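Shown next, in structure tokens, is the structure this report addresses.
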2 protein chains.
Amino acid sequence: MAAEFSRRTESLLHRAEAICEHRGANLTELRRHVLGMILDSASPTGAYELLDRLRATRRGAAPPTVYRTLDFLLEQGLIHRVERLSAFVGCVAGCTVDPDGESHTHAAQFLICRKCGRVVEMQDHDVSSVLAR
Amino acid sequence: MAAEFSRRTESLLHRAEAICEHRGANLTELRRHVLGMILDSASPTGAYELLDRLRATRRGAAPPTVYRTLDFLLEQGLIHRVERLSAFVGCVAGCTVDPDGESHTHAAQFLICRKCGRVVEMQDHDVSSVLAR
DNA sequence: GCCGGATATGTAATACTATAACATAGGCGG
DNA sequence: CCGCCTATGTTATAGTATTACATATCCGGC
């Protein structure tokens, strides 16, 4: 049904399924598909790019389709929004955390390369704690 | 001619004039007016809000009018863009720095209140240096 | 079985943010 | 006066996100 993703992505998706099931959250086909596209991408993905790709297999897709799905994934801590780029990236921690973890969000920072646009997610406790003050 | 601003804002504007003159940058009436509106505001100001207010006194104002002006102010380090809000705030450091300072940008972080939207600019050397790694 | 509510998605329209492309105007050095 | 540079005007359009309402599906209780 859904598009085929890389082995790594499929593995993370499997993990995400377990997390959602554990939480009673419903990782539907649509949500799984969008999460897979984000995880599979080498760089942050814009909402309308996701929309275009969705449309290949989902005729009625429209902006709300994608934004609602992104809201769900953000709530579940499975992706992050990179404000600077108006784009979305998979959350490594969110997709690998133990399903028992209740916290759906966590502190993170992004390093964005001004030249190539690549993004690295970092979690630095020092930064987080200074910000907490 | 230009709108009247608070005493504090006028003082910062005066400072900005000196900085620009020192650099050979041209702080025109339009640019001064926009900077004044931003400095005078208690919270970050959106580009189209600035545009609306500009139009009160400037008939032909259009989006490029405002965005080009913001680009100039950003380059001069006189304001910051708050990505999260797609809005702009005055840069305290930029408007108070010694005119001899050459660096037009500096490291800063923002604390944004999720409830009231107020923004506080902070400059924490610890955060900056951790990010530098 | 069916009713009611909750969740998920479809659909149309529109709001908000930002940039592209080309035109005009004024200053200033040669 | 000419040519260039900077600043701004003007029109159009691209890109990002939300509102509002309609439809469908599932599931629990009766």
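Here's how to read the names in the structure tokens: chain A, B, ... by the order shown, residue numbers from 1 in each chain, ligand numbers from 1 in the order shown.
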Using only C-alpha atoms (C1' of nucleotides), what table do you get, as CSV, when you list each residue of chain A with an atom no more than 10 Å from chain C, its nearest pair of atoms, and their distance in Å rounded to one decimal, rows by chain then rising number?
residue,atom,partner,partner_atom,distance
A:Asn26,CA,C:DT7,C1',9.4
A:Thr28,CA,C:DA8,C1',8.9
A:Leu30,CA,C:DT9,C1',9.5
A:Gly60,CA,C:DG10,C1',6.7
A:Ala61,CA,C:DG10,C1',8.0
A:Ala62,CA,C:DT11,C1',8.2
A:Pro64,CA,C:DT9,C1',9.3
A:Thr65,CA,C:DT9,C1',7.3
A:Arg68,CA,C:DT9,C1',9.6
- request: Report the residues of segment 28-98 of chain A whose backbone DSSP state falls under helix (DSSP H, G or I), written as a VMD selection string.
  value: chain A and resid 29 to 40 47 to 55 63 to 75 83 to 85 92 to 96
Check which residues of chain D sit at most 9 Å from chain A using only C-alpha atoms (C1' of nucleotides), and return one row each with the closest pair of atoms and their distance in Å to one decimal, ordered by chain and rising number, as a Markdown table.
| residue | atom | partner | partner_atom | distance |
| --- | --- | --- | --- | --- |
| D:DG15 | C1' | A:Tyr48 | CA | 8.6 |
| D:DT16 | C1' | A:Ser86 | CA | 7.7 |
| D:DA17 | C1' | A:Tyr67 | CA | 8.0 |
| D:DT18 | C1' | A:Pro64 | CA | 8.2 |
Residues from last step as file, N, CA and C atoms (P, O5', C5', C4', C3', O3' and C1' of nucleotides), as a PDB file, in the first residue's frame:
ATOM      1  P    DG D  15       7.087  28.688  -5.093  1.00  0.00           P
ATOM      2  O5'  DG D  15       6.797  28.896  -3.546  1.00  0.00           O
ATOM      3  C5'  DG D  15       7.713  29.680  -2.771  1.00  0.00           C
ATOM      4  C4'  DG D  15       7.217  29.737  -1.349  1.00  0.00           C
ATOM      5  C3'  DG D  15       6.842  28.382  -0.745  1.00  0.00           C
ATOM      6  O3'  DG D  15       7.466  28.343   0.535  1.00  0.00           O
ATOM      7  C1'  DG D  15       5.071  29.904  -0.440  1.00  0.00           C
ATOM      8  P    DT D  16       7.369  27.010   1.452  1.00  0.00           P
ATOM      9  O5'  DT D  16       6.320  27.467   2.561  1.00  0.00           O
ATOM     10  C5'  DT D  16       6.664  28.514   3.460  1.00  0.00           C
ATOM     11  C4'  DT D  16       5.502  28.754   4.384  1.00  0.00           C
ATOM     12  C3'  DT D  16       4.984  27.512   5.112  1.00  0.00           C
ATOM     13  O3'  DT D  16       5.091  27.756   6.496  1.00  0.00           O
ATOM     14  C1'  DT D  16       3.196  28.765   4.218  1.00  0.00           C
ATOM     15  P    DA D  17       4.580  26.677   7.541  1.00  0.00           P
ATOM     16  O5'  DA D  17       3.040  27.019   7.732  1.00  0.00           O
ATOM     17  C5'  DA D  17       2.689  28.320   8.190  1.00  0.00           C
ATOM     18  C4'  DA D  17       1.190  28.427   8.321  1.00  0.00           C
ATOM     19  C3'  DA D  17       0.516  27.287   9.084  1.00  0.00           C
ATOM     20  O3'  DA D  17       0.055  27.817  10.305  1.00  0.00           O
ATOM     21  C1'  DA D  17      -0.752  27.966   7.175  1.00  0.00           C
ATOM     22  P    DT D  18      -0.838  26.927  11.297  1.00  0.00           P
ATOM     23  O5'  DT D  18      -2.306  27.414  10.927  1.00  0.00           O
ATOM     24  C5'  DT D  18      -2.546  28.813  10.813  1.00  0.00           C
ATOM     25  C4'  DT D  18      -3.996  29.087  10.470  1.00  0.00           C
ATOM     26  C3'  DT D  18      -5.014  28.294  11.299  1.00  0.00           C
ATOM     27  O3'  DT D  18      -5.953  29.215  11.812  1.00  0.00           O
ATOM     28  C1'  DT D  18      -5.518  28.142   9.002  1.00  0.00           C
TER      29       DT D  18
END
query: Expressed in Å to a single decimal, how great is the separation between atom CA of Gly90 of chain B and atom CA of Leu39 of chain B?
result: 5.1 Å
